[in-house]
Amino acid sequence: MLEKIHEPIDVITIYKNKRLGAKAAPYKIRWKNRSYLITKVGYHHKVRSGRTVYHIFHVCSDTLAFLLKHDPDTLSWTLEEVSDGNAS
Amino acid sequence: METLVNHEKPLIMHIDLNSCFATIEQQANPLLRGKPLVVAAYGTPNAFVLAPSIEAKRIGIKMGMRVRDAQEIYPKVVVRTPDPPKYRDVHLKFKKIFEDYSPEVIPKSIDEAIIDFRSVANLHSDLVGIAKEIKQRMKDEIGEWIFCSIGIGTNMFLAKLGASLHKPDGLTVINHTNLMETYKEAELLDLNGINVRYQARLNIHGIHTPLDFFNATQDFLHKEVFRSIVGARWYVKLRGYEADQREFSTKSIGHQYALQKATADEKDLSRLIMKLCEKMGRRLRSKGYTARGMHMWFSYRDHTFWHRGRTMERPLYTTLDLYRHALVVFHQQPTKKPISHMGVSSYHLSDRKEVQLSLFESDFAKARKVSDALDQINDIYGEFTVVPGIMMAMDDIILDRIAFGGMREMEGQETSFAG
């Protein structure tokens with residue numbers, strides 16, 4: 001099931017040297033008093049809305065997938081969607 | 001009689017992302033991988049399936065099916081709605097990879113592109129090696145779940161045929177040595193450009209297989225089967241030569257919308273027309289055009305259809321201009337029946353700089369400046385920051401969509417746009 005959330009969220013990010021094949025990405029998130037370790041970044045892309053270029057991260061933990069939006073102007077994160085990967 | 005086939009080295013590569021939208025969703029969300037998934041226009045049972053995943057195709061779910069029919073085949077099928085900015089980003093990434101190999105990259109649609117190696121001097125690697133490298137780079141640089149089929153041929157037609165024969169993840173070279181074998185294995189509908197109606201026409205003339213098609217004479221195709229130059233073009237294409245060298249420029253700019261619930265309510269429809277005109281106007285102006293033609297079409301709930309176009313003396317530029325003329329066409333409908341699907345497009349496009357200013361309409365230049373200023377505000381603060389009053393509270397109506405066909409609108413773009 002996919003649920004639209006659109007809430008501010010706590011995020012710990014990690015930056016690995018590009019030489020090691022990684023960039024900045026969410027490492028751990030906290031939502032509804034639970035912490036989720038990010039095990040995989042499925043896709044990262046940028047979306048322009050007016051002057052702002054948002055970073056969109058499609059990430060997942062062992063059980064849930066999250067769509068996170070990062071606003072580099074305000075350095076804030078929002079959780080846009082949560083999905084368990086099932087139909088309903 | 002010996003049939004003349006192109007014996008040159010195949011230098012055209014066609015790359016086709018398999019099950020594009022669904023594959024990208026599975027790339028973004030690893031929990032969806034390996035599951036039957038469809039990307040549908042809406043999340044409702046009546047919506048059409050735009051792209052089934054490879055797993056969904058294997059169990060008989062097809063593009064164009066209703067979601068409810070897909071759910072009948074597999075009740076647990078995952079349904080997702082399209083995420084155009086993400087698909088455009090993948091498109092831009094794969095186009096960037098292709099441009100490392102040739103300056104001639106022709107995007108054919110959001111999920112297909114052609115790399116023309118004919119202009120590449122000193123081509124060191126063979127094209128099969130390059131194709132394998134591209135497949136690997138797409139996995140490394142876009143995502144490990146991204147599969148593509150690649151066809152290599154002497155012309156665009158054979159390259160496309162090659163890409164379509166072995167899916168998913170295929171790599172097929174078609175040249176003079178295996179052309180006959182390829183035609184023997186294929187069906188008429190496998191040929192790009194042959195739809196059910198063309199197939200019926202070919203069948204009437206005794207052509208039932210691609211091999212029959214290949215063996216038909218140029219005269220027969222030209223004068224009997226197609227009764228136009230199209231027949232002669234097919235004769236050339238089937239032999240591996242390029243038949244259509246024309247470059248197509250933008251002829252029209254338009255938008256369409258499928259209503260979730262059919263309506264004849266004039267107020268509701270006027271608001272939708274305004275939003276369609278605003279989206280169309282934004283694209284028209286961003287490409288530096290004005291339009292002298294306006295076309296609208298309506299599909300009604302009773303499955304009937306009506307359309308009309310009108311040409312104006314004065315070019316249209318502002319959203320308000322486009323909207324006023326669209327409303328004129330709208331009110332020309334012979335009967336006001338509930339509309340389920342509608343579209344608006346502008347044509348007779350010309351460069352905005354070529355506009356002749358009117359001596360008697362002093363407001364024209366002013367209106368253009370105001371329109372440009374509003375566009376600049378929306379460029380800075382995001383789409384629909386400033387909108388005509390009639391569009392208030394319409395944020396989620398008329399969603400961002402990916403158009404079928406060419407991707408000219410993305411030329412020169414580096415970041416996907418929202419909304």
# chains A, B, ... in the order shown; residues from 1 in each chain; ligands from 1
call {"tool": "interface_residues", "arguments": {"of": "chain A", "to": "chain B", "cutoff": "8 Å", "atoms": "only C-alpha atoms", "output": "ChimeraX atom specification"}}
result
/A:40-43,45-52,58-60,63-65,84-88
call {"tool": "select_by_dssp", "arguments": {"residues": "stretch 35-204 of chain B", "states": "helix (DSSP H, G or I)", "output": "compact mmCIF listing (two decimals) with N, CA and C atoms, in the first residue's frame"}}
result
# COMPACT_ATOMS: atom_id res chain seq x y z
N ILE B 54 7.53 -6.22 -16.46
CA ILE B 54 7.86 -7.45 -17.18
C ILE B 54 7.12 -8.63 -16.54
N GLU B 55 7.04 -8.63 -15.19
CA GLU B 55 6.36 -9.72 -14.47
C GLU B 55 4.86 -9.71 -14.77
N ALA B 56 4.29 -8.50 -14.90
CA ALA B 56 2.85 -8.40 -15.21
C ALA B 56 2.58 -8.86 -16.64
N LYS B 57 3.48 -8.52 -17.56
CA LYS B 57 3.31 -8.96 -18.95
C LYS B 57 3.33 -10.48 -19.04
N ARG B 58 4.19 -11.09 -18.24
CA ARG B 58 4.31 -12.56 -18.28
C ARG B 58 3.02 -13.26 -17.90
N VAL B 67 -7.54 -1.16 -15.32
CA VAL B 67 -6.94 -1.66 -14.07
C VAL B 67 -7.76 -2.83 -13.51
N ARG B 68 -9.10 -2.71 -13.61
CA ARG B 68 -9.94 -3.78 -13.05
C ARG B 68 -9.72 -5.11 -13.78
N ASP B 69 -9.43 -5.05 -15.10
CA ASP B 69 -9.16 -6.27 -15.85
C ASP B 69 -7.81 -6.87 -15.42
N ALA B 70 -6.85 -5.98 -15.17
CA ALA B 70 -5.54 -6.46 -14.69
C ALA B 70 -5.71 -7.12 -13.32
N GLN B 71 -6.58 -6.51 -12.48
CA GLN B 71 -6.81 -7.07 -11.14
C GLN B 71 -7.57 -8.40 -11.20
N GLU B 72 -8.33 -8.58 -12.26
CA GLU B 72 -9.01 -9.87 -12.42
C GLU B 72 -8.00 -10.96 -12.75
N ILE B 73 -7.00 -10.60 -13.54
CA ILE B 73 -5.94 -11.56 -13.89
C ILE B 73 -5.10 -11.87 -12.65
N PRO B 84 5.96 11.62 -13.77
CA PRO B 84 6.69 12.13 -14.93
C PRO B 84 8.07 12.73 -14.65
N PRO B 85 8.26 13.53 -13.56
CA PRO B 85 9.61 14.08 -13.36
C PRO B 85 10.68 12.99 -13.24
N LYS B 86 10.32 11.88 -12.61
CA LYS B 86 11.29 10.79 -12.45
C LYS B 86 11.61 10.15 -13.81
N TYR B 87 10.57 9.96 -14.63
CA TYR B 87 10.80 9.33 -15.94
C TYR B 87 11.63 10.26 -16.84
N ARG B 88 11.35 11.57 -16.72
CA ARG B 88 12.13 12.51 -17.54
C ARG B 88 13.59 12.52 -17.11
N ASP B 89 13.82 12.37 -15.80
CA ASP B 89 15.20 12.35 -15.30
C ASP B 89 15.95 11.14 -15.87
N VAL B 90 15.28 9.98 -15.89
CA VAL B 90 15.91 8.78 -16.46
C VAL B 90 16.21 9.03 -17.94
N HIS B 91 15.26 9.64 -18.63
CA HIS B 91 15.44 9.93 -20.05
C HIS B 91 16.69 10.81 -20.26
N LEU B 92 16.81 11.85 -19.44
CA LEU B 92 17.96 12.76 -19.59
C LEU B 92 19.27 12.04 -19.28
N LYS B 93 19.21 11.11 -18.28
CA LYS B 93 20.44 10.39 -17.93
C LYS B 93 20.86 9.44 -19.05
N PHE B 94 19.88 8.72 -19.64
CA PHE B 94 20.33 7.79 -20.68
C PHE B 94 20.75 8.52 -21.95
N LYS B 95 20.12 9.67 -22.19
CA LYS B 95 20.51 10.45 -23.37
C LYS B 95 21.97 10.95 -23.20
N LYS B 96 22.30 11.31 -21.97
CA LYS B 96 23.66 11.77 -21.69
C LYS B 96 24.68 10.65 -21.94
N ILE B 97 24.32 9.44 -21.54
CA ILE B 97 25.22 8.30 -21.80
C ILE B 97 25.41 8.12 -23.31
N PHE B 98 24.30 8.16 -24.05
CA PHE B 98 24.38 7.92 -25.50
C PHE B 98 25.25 8.98 -26.20
N LEU B 127 29.98 -2.26 -32.88
CA LEU B 127 28.75 -1.75 -32.26
C LEU B 127 28.17 -2.71 -31.21
N VAL B 128 28.46 -4.00 -31.38
CA VAL B 128 27.96 -4.96 -30.37
C VAL B 128 28.67 -4.68 -29.04
N GLY B 129 29.95 -4.41 -29.12
CA GLY B 129 30.73 -4.08 -27.90
C GLY B 129 30.21 -2.81 -27.27
N ILE B 130 29.92 -1.82 -28.10
CA ILE B 130 29.40 -0.54 -27.58
C ILE B 130 28.02 -0.77 -26.94
N ALA B 131 27.21 -1.60 -27.59
CA ALA B 131 25.85 -1.87 -27.06
C ALA B 131 25.94 -2.52 -25.68
N LYS B 132 26.86 -3.47 -25.54
CA LYS B 132 27.02 -4.14 -24.23
C LYS B 132 27.50 -3.14 -23.17
N GLU B 133 28.40 -2.25 -23.60
CA GLU B 133 28.91 -1.23 -22.67
C GLU B 133 27.76 -0.29 -22.25
N ILE B 134 26.92 0.09 -23.20
CA ILE B 134 25.79 0.99 -22.88
C ILE B 134 24.85 0.30 -21.89
N LYS B 135 24.57 -0.97 -22.12
CA LYS B 135 23.69 -1.71 -21.20
C LYS B 135 24.27 -1.68 -19.77
N GLN B 136 25.59 -1.91 -19.68
CA GLN B 136 26.23 -1.92 -18.37
C GLN B 136 26.22 -0.54 -17.74
N ARG B 137 26.49 0.49 -18.56
CA ARG B 137 26.51 1.86 -18.02
C ARG B 137 25.13 2.29 -17.52
N MET B 138 24.09 1.81 -18.22
CA MET B 138 22.73 2.16 -17.77
C MET B 138 22.46 1.56 -16.40
N LYS B 139 23.01 0.37 -16.17
CA LYS B 139 22.84 -0.25 -14.85
C LYS B 139 23.68 0.48 -13.79
N ASP B 140 24.91 0.83 -14.17
CA ASP B 140 25.81 1.47 -13.21
C ASP B 140 25.38 2.91 -12.91
N GLU B 141 24.96 3.63 -13.94
CA GLU B 141 24.74 5.07 -13.77
C GLU B 141 23.28 5.44 -13.55
N MET B 156 17.10 3.02 -39.64
CA MET B 156 16.37 3.15 -38.37
C MET B 156 15.29 2.08 -38.24
N PHE B 157 14.69 1.73 -39.36
CA PHE B 157 13.61 0.74 -39.35
C PHE B 157 14.12 -0.62 -38.86
N LEU B 158 15.26 -1.08 -39.42
CA LEU B 158 15.78 -2.39 -39.01
C LEU B 158 16.33 -2.35 -37.58
N ALA B 159 16.90 -1.21 -37.18
CA ALA B 159 17.40 -1.09 -35.81
C ALA B 159 16.24 -1.21 -34.82
N LYS B 160 15.12 -0.55 -35.15
CA LYS B 160 13.93 -0.61 -34.29
C LYS B 160 13.37 -2.04 -34.25
N LEU B 161 13.35 -2.67 -35.43
CA LEU B 161 12.86 -4.05 -35.48
C LEU B 161 13.73 -4.94 -34.60
N GLY B 162 15.05 -4.75 -34.69
CA GLY B 162 15.97 -5.54 -33.88
C GLY B 162 15.72 -5.36 -32.39
N ALA B 163 15.46 -4.11 -32.00
CA ALA B 163 15.22 -3.84 -30.57
C ALA B 163 13.92 -4.46 -30.08
N SER B 164 12.97 -4.67 -31.00
CA SER B 164 11.66 -5.16 -30.56
C SER B 164 11.57 -6.68 -30.57
N LEU B 165 12.54 -7.37 -31.18
CA LEU B 165 12.40 -8.82 -31.34
C LEU B 165 12.70 -9.63 -30.09
N LEU B 179 19.00 -10.87 -42.77
CA LEU B 179 17.76 -10.12 -43.01
C LEU B 179 16.59 -11.06 -43.33
N MET B 180 16.85 -12.04 -44.23
CA MET B 180 15.78 -12.96 -44.63
C MET B 180 15.31 -13.80 -43.44
N GLU B 181 16.30 -14.28 -42.68
CA GLU B 181 15.97 -15.09 -41.49
C GLU B 181 15.10 -14.29 -40.53
N THR B 182 15.47 -13.01 -40.36
CA THR B 182 14.71 -12.15 -39.44
C THR B 182 13.28 -12.00 -39.92
N TYR B 183 13.11 -11.74 -41.21
CA TYR B 183 11.76 -11.57 -41.75
C TYR B 183 10.95 -12.88 -41.64
N LYS B 184 11.66 -14.01 -41.76
CA LYS B 184 10.95 -15.31 -41.65
C LYS B 184 10.38 -15.49 -40.24
N GLU B 185 11.14 -15.04 -39.24
CA GLU B 185 10.72 -15.24 -37.84
C GLU B 185 9.68 -14.21 -37.39
N LEU B 188 3.95 -9.51 -39.47
CA LEU B 188 3.74 -8.16 -40.04
C LEU B 188 3.61 -7.10 -38.95
N LEU B 189 2.91 -7.45 -37.86
CA LEU B 189 2.69 -6.47 -36.80
C LEU B 189 3.96 -6.15 -36.00
N ASP B 190 5.00 -6.96 -36.20
CA ASP B 190 6.29 -6.64 -35.55
C ASP B 190 6.97 -5.47 -36.23
N VAL B 196 -2.88 -2.76 -37.33
CA VAL B 196 -3.88 -3.76 -37.73
C VAL B 196 -4.51 -3.39 -39.08
N ARG B 197 -4.75 -2.09 -39.28
CA ARG B 197 -5.38 -1.66 -40.53
C ARG B 197 -4.46 -1.86 -41.73
N TYR B 198 -3.18 -1.53 -41.56
CA TYR B 198 -2.22 -1.76 -42.65
C TYR B 198 -2.07 -3.26 -42.91
N GLN B 199 -2.08 -4.04 -41.82
CA GLN B 199 -1.96 -5.48 -41.97
C GLN B 199 -3.11 -6.00 -42.84
N ALA B 200 -4.33 -5.53 -42.56
CA ALA B 200 -5.49 -5.96 -43.33
C ALA B 200 -5.32 -5.58 -44.80
N ARG B 201 -4.81 -4.38 -45.04
CA ARG B 201 -4.61 -3.93 -46.42
C ARG B 201 -3.59 -4.83 -47.14
N LEU B 202 -2.51 -5.15 -46.41
CA LEU B 202 -1.49 -6.02 -47.01
C LEU B 202 -2.07 -7.41 -47.28
N ASN B 203 -2.86 -7.92 -46.33
CA ASN B 203 -3.46 -9.25 -46.49
C ASN B 203 -4.35 -9.31 -47.73
N ILE B 204 -5.12 -8.25 -47.94
CA ILE B 204 -6.01 -8.20 -49.12
C ILE B 204 -5.20 -8.37 -50.41
call {"tool": "atom_distance", "arguments": {"atom1": "atom CA of B:Val329", "atom2": "atom CA of B:Leu276"}}
result
14.1 Å
call {"tool": "closest_residue", "arguments": {"among": "A:Ser61, A:Leu68, A:Ser35, A:Ser83", "to": "A:Glu7", "atoms": "only C-alpha atoms"}}
result
A:Leu68
call {"tool": "atom_distance", "arguments": {"atom1": "atom CA of A:Lys32", "atom2": "atom CA of A:Leu67"}}
result
15.5 Å
call {"tool": "residues_around", "arguments": {"residues": "A:Leu75", "least_positions_apart": "6", "cutoff": "12 Å", "atoms": "only C-alpha atoms", "output": "number ranges by chain"}}
result
A: 8-11, 13, 52-55, 69
call {"tool": "write_last_selection", "arguments": {"atoms": "C-alpha atoms", "output": "compact mmCIF listing (two decimals), in the first residue's frame"}}
result
# COMPACT_ATOMS: atom_id res chain seq x y z
CA PRO A 8 8.58 17.11 8.04
CA ILE A 9 10.88 14.31 9.13
CA ASP A 10 14.17 13.74 10.99
CA VAL A 11 16.93 12.50 8.72
CA THR A 13 22.54 11.76 6.15
CA THR A 52 14.21 25.78 -6.21
CA VAL A 53 15.80 22.49 -7.20
CA TYR A 54 14.59 19.78 -4.82
CA HIS A 55 16.42 16.50 -4.30
CA LYS A 69 12.23 15.40 -0.49
call {"tool": "residues_around", "arguments": {"residues": "B:Ala121", "least_positions_apart": "6", "cutoff": "12 Å", "atoms": "only C-alpha atoms", "output": "PyMOL selection string"}}
result
chain B and resi 11+101-103
call {"tool": "atom_distance", "arguments": {"atom1": "atom CA of B:Leu17", "atom2": "atom CA of B:Asn175"}}
result
22.5 Å
call {"tool": "residues_around", "arguments": {"residues": "B:Leu4", "least_positions_apart": "4", "cutoff": "12 Å", "atoms": "only C-alpha atoms", "output": "list in words"}}
result
Glu8, His176, Leu179, Phe214, Asn215, Thr217, Gln218, Tyr235, Val236, Lys237, Leu238, Arg239, Gly240 and Tyr241 of chain B
call {"tool": "residues_around", "arguments": {"residues": "B:Val39", "least_positions_apart": "4", "cutoff": "10 Å", "atoms": "only C-alpha atoms", "output": "PyMOL selection string"}}
result
chain B and resi 19-23+25+43+47-53+63+67+78-83
call {"tool": "write_last_selection", "arguments": {"atoms": "C-alpha atoms", "output": "compact mmCIF listing (two decimals), in the first residue's frame"}}
result
# COMPACT_ATOMS: atom_id res chain seq x y z
CA SER B 19 8.51 -1.62 -19.68
CA CYS B 20 9.83 1.87 -19.04
CA PHE B 21 7.53 3.43 -16.41
CA ALA B 22 7.07 0.17 -14.49
CA THR B 23 10.78 -0.65 -14.56
CA GLU B 25 9.14 2.39 -10.42
CA GLY B 43 -5.41 4.68 -9.31
CA ALA B 47 -8.14 3.72 -15.47
CA PHE B 48 -6.03 2.45 -18.35
CA VAL B 49 -2.78 0.59 -17.83
CA LEU B 50 0.01 2.69 -19.33
CA ALA B 51 2.86 0.31 -18.59
CA PRO B 52 2.85 -3.20 -17.12
CA SER B 53 6.06 -4.53 -15.56
CA MET B 63 -0.86 -2.01 -21.98
CA VAL B 67 -6.94 -1.66 -14.07
CA VAL B 78 0.43 -3.32 -7.57
CA VAL B 79 -0.99 -0.16 -9.15
CA ARG B 80 1.02 3.04 -9.32
CA THR B 81 0.22 6.37 -10.96
CA PRO B 82 2.82 8.03 -13.21
CA ASP B 83 5.67 10.12 -11.81
